[in-house]
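Chemist: File follows, entry.txt with compact mmCIF, C-alpha atoms and all ligand atoms:
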# COMPACT_ATOMS: atom_id res chain seq x y z
CA MET S 14 0.77 27.34 -19.44
CA SER S 15 -2.66 26.05 -20.33
CA LEU S 16 -3.29 22.55 -21.52
CA GLU S 17 -5.03 23.93 -24.61
CA THR S 18 -1.94 25.67 -25.92
CA LEU S 19 0.17 22.57 -25.42
CA VAL S 20 -2.06 20.01 -27.00
CA GLU S 21 -0.40 18.94 -30.20
CA ASN S 22 -2.31 15.88 -31.09
CA PRO S 23 -5.81 16.35 -29.72
CA SER S 24 -9.29 15.24 -30.51
CA ILE S 25 -9.35 11.72 -31.72
CA PRO S 26 -13.15 11.64 -31.89
CA ALA S 27 -14.98 9.48 -29.39
CA GLU S 28 -16.98 6.66 -30.88
CA SER S 29 -20.16 8.45 -29.84
CA GLY S 30 -19.14 11.46 -31.91
CA VAL S 31 -20.11 13.88 -29.15
CA SER S 32 -17.55 16.44 -28.16
CA VAL S 33 -18.87 18.43 -25.23
CA PRO S 34 -16.33 20.10 -22.93
CA TYR S 35 -17.00 19.11 -19.32
CA ASP S 36 -18.05 22.04 -17.15
CA PRO S 37 -16.72 21.34 -13.65
CA GLU S 38 -18.68 24.10 -11.93
CA GLY S 39 -21.46 21.92 -10.54
CA PHE S 40 -18.84 19.38 -9.52
CA ASP S 41 -16.68 21.89 -7.70
CA THR S 42 -19.60 23.34 -5.75
CA SER S 43 -20.86 19.87 -4.74
CA VAL S 44 -17.79 17.74 -4.04
CA MET S 45 -15.35 18.55 -1.22
CA SER S 46 -12.23 20.14 -2.60
CA THR S 47 -9.81 17.59 -1.18
CA TYR S 48 -8.10 17.05 -4.54
CA GLY S 49 -6.23 19.35 -6.87
CA ARG S 50 -7.74 18.08 -10.11
CA TYR S 51 -6.37 18.21 -13.64
CA PRO S 52 -8.80 19.89 -16.07
CA LEU S 53 -9.73 16.51 -17.49
CA ALA S 54 -12.96 14.51 -17.28
CA LEU S 55 -12.42 10.90 -18.27
CA GLU S 56 -15.29 9.02 -19.80
CA ARG S 57 -14.19 5.58 -20.94
CA GLY S 58 -11.21 3.29 -21.16
CA ALA S 59 -9.91 0.21 -22.96
CA GLY S 60 -6.62 -1.49 -22.17
CA CYS S 61 -4.05 1.23 -21.41
CA ARG S 62 -6.09 3.94 -23.17
CA LEU S 63 -8.56 6.48 -21.80
CA TRP S 64 -10.82 8.99 -23.52
CA ASP S 65 -12.06 12.26 -22.07
CA THR S 66 -15.48 13.83 -22.55
CA GLU S 67 -14.19 15.70 -25.57
CA GLY S 68 -13.02 12.51 -27.23
CA ARG S 69 -9.31 13.06 -26.71
CA GLU S 70 -7.31 9.88 -26.28
CA TYR S 71 -4.73 9.40 -23.54
CA LEU S 72 -2.23 6.68 -22.79
CA ASP S 73 -2.76 5.82 -19.12
CA PHE S 74 0.53 5.60 -17.21
CA VAL S 75 -1.24 6.30 -13.91
CA ALA S 76 -3.63 3.32 -13.83
CA GLY S 77 -5.74 4.94 -11.11
CA ILE S 78 -2.48 5.30 -9.12
CA ALA S 79 -0.98 1.84 -9.54
CA THR S 80 -4.39 0.23 -9.23
CA CYS S 81 -5.78 -0.87 -12.63
CA THR S 82 -3.54 -3.94 -12.85
CA LEU S 83 -5.28 -5.27 -15.97
CA GLY S 84 -5.99 -1.85 -17.49
CA HIS S 85 -9.51 -0.82 -18.44
CA ALA S 86 -12.39 -3.03 -19.58
CA HIS S 87 -10.25 -6.20 -19.54
CA PRO S 88 -12.47 -9.06 -20.82
CA ALA S 89 -11.73 -11.25 -17.77
CA LEU S 90 -12.79 -8.43 -15.41
CA VAL S 91 -15.91 -7.68 -17.44
CA GLU S 92 -16.86 -11.35 -17.36
CA THR S 93 -16.34 -11.76 -13.59
CA VAL S 94 -18.04 -8.49 -12.65
CA THR S 95 -21.05 -9.39 -14.78
CA ARG S 96 -21.31 -12.97 -13.54
CA GLN S 97 -20.82 -12.12 -9.87
CA ILE S 98 -23.32 -9.22 -9.73
CA GLN S 99 -25.89 -11.57 -11.25
CA THR S 100 -25.11 -14.26 -8.70
CA LEU S 101 -24.30 -12.71 -5.31
CA HIS S 102 -22.54 -9.44 -4.54
CA HIS S 103 -22.75 -8.92 -0.78
CA VAL S 104 -23.74 -10.87 2.27
CA SER S 105 -21.80 -10.61 5.52
CA ASN S 106 -18.83 -12.19 7.22
CA LEU S 107 -21.39 -13.68 9.56
CA TYR S 108 -21.48 -16.45 6.92
CA TYR S 109 -18.90 -18.40 4.96
CA ILE S 110 -18.07 -16.74 1.63
CA PRO S 111 -16.45 -19.48 -0.52
CA VAL S 112 -14.79 -17.14 -3.02
CA GLN S 113 -13.20 -15.20 -0.13
CA GLY S 114 -11.64 -18.46 1.00
CA GLU S 115 -10.40 -19.16 -2.53
CA LEU S 116 -8.81 -15.72 -2.79
CA ALA S 117 -7.17 -16.12 0.62
CA LYS S 118 -5.81 -19.52 -0.48
CA TRP S 119 -4.41 -18.00 -3.67
CA LEU S 120 -2.69 -15.23 -1.72
CA ILE S 121 -1.23 -17.69 0.79
CA GLU S 122 0.05 -19.96 -1.99
CA HIS S 123 1.72 -16.98 -3.68
CA SER S 124 3.27 -15.30 -0.63
CA CYS S 125 4.78 -15.98 2.78
CA ALA S 126 1.40 -15.38 4.49
CA ASP S 127 -0.47 -17.96 6.55
CA ARG S 128 -3.75 -16.06 6.99
CA VAL S 129 -5.58 -13.12 5.40
CA PHE S 130 -8.07 -10.51 6.65
CA PHE S 131 -10.01 -8.66 3.93
CA CYS S 132 -11.04 -5.01 4.00
CA ASN S 133 -11.57 -2.24 1.44
CA SER S 134 -8.54 0.00 1.11
CA GLY S 135 -4.86 0.44 1.80
CA ALA S 136 -5.36 2.60 4.87
CA GLU S 137 -7.79 0.06 6.29
CA ALA S 138 -5.37 -2.80 5.60
CA ASN S 139 -2.66 -0.88 7.45
CA GLU S 140 -5.02 -0.17 10.35
CA GLY S 141 -5.51 -3.94 10.58
CA ALA S 142 -1.75 -4.47 10.62
CA ILE S 143 -1.29 -1.85 13.35
CA LYS S 144 -4.07 -3.36 15.49
CA LEU S 145 -2.64 -6.85 15.01
CA ALA S 146 0.84 -5.71 16.06
CA ARG S 147 -0.53 -3.87 19.10
CA LYS S 148 -2.64 -6.82 20.22
CA TYR S 149 0.40 -9.07 19.82
CA ALA S 150 2.41 -6.66 21.98
CA HIS S 151 -0.22 -6.56 24.70
CA THR S 152 -1.30 -10.18 24.82
CA VAL S 153 1.81 -12.12 23.80
CA LYS S 154 4.64 -9.89 24.96
CA GLY S 155 2.98 -8.05 27.86
CA ILE S 156 4.02 -4.63 26.56
CA GLN S 157 1.80 -1.82 27.84
CA LYS S 158 3.06 0.90 25.49
CA PRO S 159 3.96 -0.68 22.17
CA ILE S 160 5.90 1.48 19.71
CA ILE S 161 5.86 1.19 15.94
CA LEU S 162 8.76 2.67 13.98
CA THR S 163 8.03 4.01 10.50
CA ALA S 164 10.15 5.86 7.93
CA HIS S 165 10.55 9.45 6.88
CA ALA S 166 8.91 10.06 3.46
CA SER S 167 6.70 7.00 3.92
CA PHE S 168 3.03 6.87 2.99
CA HIS S 169 0.53 4.60 4.73
CA GLY S 170 -2.89 6.21 4.19
CA ARG S 171 -5.21 9.00 5.32
CA THR S 172 -6.98 7.70 8.42
CA LEU S 173 -5.80 9.09 11.75
CA ALA S 174 -3.61 6.10 12.60
CA THR S 175 -2.17 5.89 9.09
CA ILE S 176 -1.40 9.63 8.77
CA THR S 177 0.41 9.22 12.07
CA ALA S 178 2.32 6.26 10.64
CA THR S 179 3.07 8.31 7.51
CA GLY S 180 6.41 10.06 8.07
CA GLN S 181 5.49 13.25 6.19
CA PRO S 182 4.38 16.27 8.25
CA LYS S 183 2.33 17.71 5.36
CA TYR S 184 -0.24 14.92 5.80
CA GLN S 185 -0.47 15.44 9.57
CA LYS S 186 -0.69 19.22 9.71
CA ASN S 187 -3.87 20.50 11.41
CA PHE S 188 -5.06 17.02 12.40
CA ALA S 189 -3.55 16.83 15.88
CA PRO S 190 -3.76 15.16 18.26
CA LEU S 191 -2.20 12.29 16.36
CA MET S 192 -2.10 8.66 17.51
CA PRO S 193 0.47 7.92 20.21
CA GLY S 194 3.04 5.15 19.76
CA PHE S 195 4.76 6.06 16.48
CA PHE S 196 8.37 7.15 15.97
CA TYR S 197 10.16 7.90 12.72
CA VAL S 198 13.53 6.90 11.29
CA PRO S 199 15.26 7.70 7.98
CA TYR S 200 14.58 5.04 5.31
CA ASN S 201 17.38 2.64 4.29
CA ASP S 202 19.44 3.62 7.37
CA ILE S 203 20.21 0.66 9.64
CA GLY S 204 22.10 2.76 12.20
CA ALA S 205 18.96 4.83 12.79
CA ILE S 206 16.97 1.66 13.53
CA LYS S 207 19.56 0.42 16.04
CA ASN S 208 19.68 3.82 17.66
CA ALA S 209 15.87 4.09 17.90
CA ILE S 210 15.57 0.67 19.54
CA ALA S 211 18.37 1.48 21.98
CA THR S 212 16.87 4.83 23.02
CA LEU S 213 13.13 4.11 22.91
CA ASP S 214 12.95 0.86 24.88
CA GLU S 215 12.45 1.80 28.52
CA GLY S 216 10.06 0.85 31.30
CA ASP S 217 6.79 -0.47 29.86
CA GLN S 218 7.49 1.15 26.50
CA ASN S 219 8.90 -1.13 23.82
CA VAL S 220 9.53 -1.17 20.07
CA THR S 221 7.03 -3.79 18.92
CA ALA S 222 7.02 -3.40 15.16
CA ILE S 223 8.79 -1.69 12.28
CA MET S 224 6.49 -0.73 9.43
CA LEU S 225 7.99 0.14 6.04
CA GLU S 226 7.31 0.07 2.33
CA ALA S 227 9.50 -2.36 0.35
CA LEU S 228 9.76 0.53 -2.12
CA GLN S 229 8.56 3.97 -1.06
CA GLY S 230 5.94 4.91 -3.66
CA GLU S 231 4.23 8.19 -2.89
CA GLY S 232 7.33 9.50 -1.09
CA GLY S 233 9.36 9.51 -4.30
CA VAL S 234 9.67 5.98 -5.78
CA ARG S 235 12.62 4.95 -3.60
CA PRO S 236 13.45 1.23 -3.68
CA GLY S 237 14.43 -0.48 -0.45
CA ASP S 238 18.09 -1.35 -0.09
CA VAL S 239 18.70 -5.13 -0.05
CA LYS S 240 21.45 -5.03 2.57
CA TYR S 241 19.38 -2.71 4.80
CA PHE S 242 16.35 -4.97 4.73
CA GLN S 243 18.42 -8.10 5.37
CA GLU S 244 20.06 -6.51 8.41
CA LEU S 245 16.68 -5.21 9.51
CA ARG S 246 15.18 -8.71 9.30
CA LYS S 247 17.95 -9.99 11.57
CA ILE S 248 17.44 -7.17 14.07
CA CYS S 249 13.71 -7.94 14.15
CA ASP S 250 14.40 -11.65 14.71
CA ASP S 251 16.98 -11.01 17.42
CA ASN S 252 14.73 -8.57 19.29
CA ASP S 253 11.34 -10.24 18.69
CA ILE S 254 10.12 -7.20 16.73
CA LEU S 255 7.49 -7.61 14.02
CA LEU S 256 8.39 -6.49 10.51
CA ILE S 257 5.32 -5.03 8.81
CA LEU S 258 5.60 -4.27 5.10
CA ASP S 259 3.11 -1.97 3.41
CA GLU S 260 2.80 -3.55 -0.04
CA VAL S 261 -0.26 -1.50 -0.98
CA GLN S 262 1.44 0.14 -3.97
CA VAL S 263 4.42 -2.09 -4.84
CA GLY S 264 2.73 -5.47 -4.31
CA MET S 265 0.53 -7.56 -6.63
CA GLY S 266 3.07 -7.93 -9.42
CA ARG S 267 3.95 -4.28 -9.92
CA SER S 268 7.61 -4.77 -8.95
CA GLY S 269 8.07 -7.64 -11.42
CA LYS S 270 7.58 -10.16 -8.60
CA PHE S 271 4.29 -10.82 -6.83
CA TRP S 272 5.47 -8.93 -3.74
CA GLY S 273 7.96 -6.14 -3.28
CA TYR S 274 9.75 -8.01 -0.48
CA GLU S 275 10.81 -10.70 -2.98
CA ASN S 276 13.18 -8.07 -4.42
CA LEU S 277 14.82 -7.78 -1.00
CA GLY S 278 15.39 -11.44 -0.17
CA ILE S 279 13.43 -11.25 3.09
CA GLU S 280 9.96 -12.08 4.37
CA PRO S 281 7.80 -9.81 6.54
CA ASP S 282 5.72 -11.01 9.52
CA ILE S 283 2.73 -8.92 8.47
CA PHE S 284 2.07 -7.25 5.12
CA THR S 285 -0.74 -5.37 3.47
CA SER S 286 -2.17 -5.11 -0.03
CA ALA S 287 -4.87 -3.01 -1.68
CA LYS S 288 -4.42 -0.81 -4.78
CA GLY S 289 -3.62 -3.43 -7.47
CA LEU S 290 -5.36 -6.32 -5.71
CA GLY S 291 -8.82 -5.68 -7.15
CA GLY S 292 -7.61 -4.12 -10.40
CA GLY S 293 -9.72 -1.02 -9.61
CA ILE S 294 -12.52 -2.62 -7.57
CA PRO S 295 -12.02 -1.68 -3.89
CA ILE S 296 -10.45 -4.41 -1.78
CA GLY S 297 -7.64 -4.51 0.76
CA ALA S 298 -5.94 -7.29 2.69
CA THR S 299 -3.91 -7.60 5.88
CA MET S 300 -1.77 -10.72 5.70
CA CYS S 301 0.08 -12.35 8.51
CA LYS S 302 2.83 -14.91 8.58
CA LYS S 303 2.97 -15.71 12.27
CA PHE S 304 0.84 -14.79 15.25
CA CYS S 305 -2.31 -14.97 13.09
CA ASP S 306 -4.39 -16.32 15.93
CA VAL S 307 -3.83 -13.16 17.95
CA PHE S 308 -7.05 -11.91 16.32
CA GLN S 309 -10.07 -13.65 17.82
CA PRO S 310 -13.77 -13.30 16.95
CA GLY S 311 -14.86 -9.73 17.72
CA ASP S 312 -11.38 -8.20 17.58
CA HIS S 313 -11.58 -6.70 14.11
CA ALA S 314 -14.19 -6.43 11.37
CA SER S 315 -15.27 -4.68 8.19
CA THR S 316 -18.80 -4.71 6.80
CA PHE S 317 -17.83 -4.71 3.13
CA GLY S 318 -14.51 -6.48 3.65
CA GLY S 319 -14.15 -9.65 1.59
CA ASN S 320 -17.57 -9.55 0.01
CA PRO S 321 -18.24 -11.97 -2.86
CA PHE S 322 -18.08 -9.24 -5.51
CA ALA S 323 -14.71 -7.78 -4.53
CA CYS S 324 -13.19 -11.22 -3.87
CA ALA S 325 -14.33 -12.70 -7.19
CA VAL S 326 -12.81 -9.73 -9.02
CA ALA S 327 -9.54 -9.89 -7.06
CA LEU S 328 -9.30 -13.63 -7.68
CA THR S 329 -9.69 -12.95 -11.40
CA VAL S 330 -6.93 -10.32 -11.22
CA CYS S 331 -4.65 -12.82 -9.47
CA GLN S 332 -5.41 -15.67 -11.89
CA THR S 333 -5.02 -13.40 -14.92
CA LEU S 334 -1.59 -12.26 -13.68
CA GLU S 335 -0.53 -15.90 -13.87
CA LYS S 336 -2.45 -16.94 -17.00
CA GLU S 337 -1.16 -14.02 -19.07
CA ASN S 338 2.35 -14.38 -17.63
CA LEU S 339 2.24 -10.70 -16.67
CA LEU S 340 5.23 -10.80 -14.32
CA ALA S 341 7.51 -11.38 -17.32
CA ASN S 342 5.83 -8.49 -19.11
CA VAL S 343 6.31 -6.25 -16.07
CA GLN S 344 10.03 -7.07 -15.96
CA GLU S 345 10.60 -6.58 -19.70
CA ARG S 346 8.50 -3.43 -20.08
CA GLY S 347 10.06 -2.02 -16.91
CA GLU S 348 13.56 -2.45 -18.32
CA GLN S 349 12.46 -0.90 -21.60
CA LEU S 350 10.93 2.07 -19.77
CA ARG S 351 13.94 2.69 -17.52
CA ALA S 352 16.37 2.42 -20.47
CA GLY S 353 14.29 4.94 -22.43
CA LEU S 354 13.96 7.33 -19.48
CA LYS S 355 17.72 7.11 -18.84
CA ALA S 356 18.34 8.02 -22.48
CA ILE S 357 16.08 11.07 -22.05
CA ALA S 358 17.82 11.93 -18.76
CA SER S 359 21.20 11.89 -20.53
CA LYS S 360 19.89 14.56 -22.92
CA TYR S 361 18.71 16.73 -20.00
CA PRO S 362 21.48 16.41 -17.39
CA ASP S 363 20.68 19.84 -15.92
CA GLN S 364 17.05 18.91 -15.35
CA ILE S 365 16.91 15.16 -14.63
CA SER S 366 19.04 13.68 -11.85
CA GLU S 367 17.95 10.04 -11.64
CA VAL S 368 15.73 7.30 -13.03
CA ARG S 369 14.94 4.44 -10.65
CA GLY S 370 12.41 1.76 -9.80
CA TRP S 371 11.42 -1.88 -10.01
CA GLY S 372 9.27 -3.49 -12.70
CA LEU S 373 6.48 -1.07 -13.59
CA ILE S 374 6.86 1.32 -10.67
CA ASN S 375 9.44 3.85 -11.76
CA GLY S 376 10.39 7.40 -10.92
CA MET S 377 12.24 10.13 -12.78
CA GLU S 378 13.71 12.63 -10.35
CA LEU S 379 14.37 16.25 -11.27
CA ASN S 380 17.48 18.11 -10.15
CA ALA S 381 16.99 19.99 -6.91
CA GLU S 382 18.55 23.06 -8.57
CA THR S 383 16.15 23.36 -11.52
CA GLN S 384 13.01 25.47 -11.30
CA LEU S 385 11.17 22.58 -12.93
CA THR S 386 8.66 20.62 -10.85
CA SER S 387 7.10 17.23 -11.38
CA ALA S 388 3.78 19.03 -12.03
CA ASP S 389 5.36 20.87 -15.00
CA VAL S 390 6.44 17.59 -16.58
CA VAL S 391 3.12 15.88 -15.84
CA ASN S 392 1.12 18.77 -17.36
CA ALA S 393 3.28 18.79 -20.49
CA ALA S 394 2.98 14.99 -20.81
CA ILE S 395 -0.80 15.19 -20.50
CA ALA S 396 -0.81 17.77 -23.26
CA ASN S 397 1.08 15.22 -25.34
CA GLY S 398 -1.50 12.54 -24.65
CA VAL S 399 0.09 10.62 -21.76
CA LEU S 400 -1.18 10.60 -18.17
CA LEU S 401 1.55 10.57 -15.49
CA VAL S 402 1.43 11.30 -11.76
CA PRO S 403 3.89 13.12 -9.48
CA ALA S 404 5.40 11.37 -6.45
CA GLY S 405 6.30 14.55 -4.56
CA PRO S 406 7.42 17.89 -6.02
CA LYS S 407 10.49 16.57 -7.87
CA VAL S 408 9.65 12.99 -8.92
CA ILE S 409 7.48 11.88 -11.83
CA ARG S 410 5.94 8.45 -11.33
CA PHE S 411 5.32 5.88 -14.09
CA VAL S 412 2.83 3.19 -13.02
CA PRO S 413 1.02 1.90 -16.15
CA PRO S 414 -1.29 -1.14 -16.15
CA LEU S 415 0.74 -4.37 -16.02
CA ILE S 416 -0.59 -5.33 -19.47
CA VAL S 417 1.22 -2.38 -21.13
CA SER S 418 2.80 -3.22 -24.52
CA ALA S 419 6.26 -2.39 -25.88
CA GLN S 420 4.68 -0.02 -28.39
CA GLU S 421 2.82 1.81 -25.61
CA ILE S 422 6.05 2.21 -23.62
CA ASP S 423 7.65 3.74 -26.72
CA GLN S 424 4.72 6.12 -27.13
CA ALA S 425 5.00 7.24 -23.51
CA LEU S 426 8.75 7.79 -23.89
CA GLN S 427 8.18 9.92 -26.99
CA ALA S 428 5.63 12.02 -25.10
CA VAL S 429 8.01 12.52 -22.17
CA GLU S 430 10.79 13.53 -24.56
CA LYS S 431 8.47 16.05 -26.25
CA ALA S 432 7.30 17.31 -22.87
CA MET S 433 10.90 17.89 -21.79
CA ALA S 434 11.64 19.72 -25.05
CA ILE S 435 8.62 22.00 -24.60
CA ILE S 436 9.19 22.90 -20.98
CA THR S 437 12.94 23.42 -21.25
CA ASN S 438 12.59 25.76 -24.24
CA GLY S 439 10.23 27.81 -22.08
C1 LIG S 501 -2.08 4.37 -1.58
C2 LIG S 501 -1.33 3.83 -0.44
C3 LIG S 501 -1.94 3.63 0.81
C4 LIG S 501 -3.36 4.06 1.08
O1 LIG S 501 -4.27 3.32 0.33
P1 LIG S 501 -5.82 3.79 0.28
O2 LIG S 501 -6.47 2.69 -0.48
O3 LIG S 501 -5.83 5.11 -0.42
O4 LIG S 501 -6.27 3.91 1.66
C5 LIG S 501 -1.21 3.06 1.82
N1 LIG S 501 0.07 2.71 1.63
C6 LIG S 501 0.70 2.86 0.45
C7 LIG S 501 2.11 2.41 0.29
C8 LIG S 501 0.02 3.45 -0.62
O5 LIG S 501 0.65 3.66 -1.78
Could you write out this structure as structure tokens?
Ligand SMILES: *Cc1c(COP(=O)(O)O)cnc(C)c1O
Modeler:
Amino acid sequence: MSLETLVENPSIPAESGVSVPYDPEGFDTSVMSTYGRYPLALERGAGCRLWDTEGREYLDFVAGIATCTLGHAHPALVETVTRQIQTLHHVSNLYYIPVQGELAKWLIEHSCADRVFFCNSGAEANEGAIKLARKYAHTVKGIQKPIILTAHASFHGRTLATITATGQPKYQKNFAPLMPGFFYVPYNDIGAIKNAIATLDEGDQNVTAIMLEALQGEGGVRPGDVKYFQELRKICDDNDILLILDEVQVGMGRSGKFWGYENLGIEPDIFTSAKGLGGGIPIGATMCKKFCDVFQPGDHASTFGGNPFACAVALTVCQTLEKENLLANVQERGEQLRAGLKAIASKYPDQISEVRGWGLINGMELNAETQLTSADVVNAAIANGVLLVPAGPKVIRFVPPLIVSAQEIDQALQAVEKAMAIITNG
């Protein structure tokens, strides 16, 4: 079904008054085709709203994939971006960068971390975590072949080490040889962890770290189980294994707490952040609770990492989260969204099997038996003016900006309900 035929409420004219359909031909012949793109070209945004090149308005429940924490064109972001580019945007970590220190201090004060390393993306933050864990294994524990356990259906990025860490074969296919030293276990299964440790530790090979998401985002919006993570923490303590949490998607307030692990009643040894940290300006962070001094000058670096521009913006995102009391908004709007989605699910019991999530990271899972895919629902929602994103073939993900209002949640729910009505009537 084409978007055109589904659009019921199109063409709210752009302020410019121009309405020129975007022709993607030049784009498609110039840019590598690594993405399956929706036939949409977005031109401007404000708050939780976006407008395409034809002036159609959309409610943004994707937020650049859980990234635009403060939505679009937030006055605090505009102010900081403008001020910082006029002052100093990039130097080098060869010199002290005061605002980088301020951001690190903020993160330490609002987490269990003792030190921070700044980089530019989630994959890069996870690479830092992996290198830190391996250096710890070699230099502190004397392990020659350190092993990192990760979970099935996890997602940790697209570099070679992080596709290896990612427990989904579809991301690894055709990129062999992968990185040695990774083994996979089912998520939320403590017996599998015990079994892996018992069978993998031998000779100079040793389980050094366990790397997990507090809530699996891309793999289907699956929250971590509290009991599992508490037992896991104890196993890590008893066996001197590092617990690494990938907080790239669930961290920075999205779960209704600053960090996903706060929902689990545990603390990691190492954790990573990126997506929401800069509110849409690229920045990543590897944070470490213990063993921080394992990294010495020359061990790890990133040219752009922690530059004054990215750090000033991220600091503004962090301070605005607090100033606007956004964690409370995330909790309230999240409850509203889940209640509304559950009401829709109860009307479509043959199609929708579950609604789950924390704060403003939520998933609606489709029944395995239905023909319906997450792409069908997302396409129909777009046609009804709301942007959503799949998390796998059967889960629709809802990750709006953290500033989303009650009225905007209602509008999204109405669009989802309409989308379900359209696609189930065929
Ligand atoms: C998106 C994501 C990554 C990768 O982040 P990039 O910035 O795309 O490299 C890693 N881990 C998780 C949990 C993610 O959601």
Chemist: (20.0, 23.7, -11.0) in this file's frame - what residues fall within 10 Å of it? Use all atoms listed in the file and give the answer as a ChimeraX atom specification.
Modeler: /S:362-365,379-385
Chemist: Return as a ChimeraX atom specification the residues of protein, DNA or RNA that approach ligand LIG 501 (chain S) to within 8 Å, with only C-alpha atoms and all ligand atoms taken into account.
Modeler: /S:78,133-139,167-172,175,226,229-231,259-263,287-288,295,297
Chemist: Hey, can you pull every residue with an atom no more than 7 Å from (3.1, -3.5, -11.9), using all atoms listed in the file, and send it as a VMD selection string?
Modeler: chain S and resid 82 266 to 269 343 372 to 374 412 414 to 415
Chemist: So that I can see what lies close to S:Cys125, please list as a count of residues only the residues with an atom at most 8 Å from it, counting all atoms listed in the file and leaving out residues fewer than 3 positions away in the same chain.
Modeler: 5
Chemist: Take every atom of stretch 405-413 of chain S listed in the file, fit an axis-aligned box around them, add 6 Å per side, and give the centre and edge lengths in Å to one decimal as JSON.
Modeler:
{"center_x": 5.8, "center_y": 9.9, "center_z": -10.4, "size_x": 21.5, "size_y": 28.0, "size_z": 23.6}
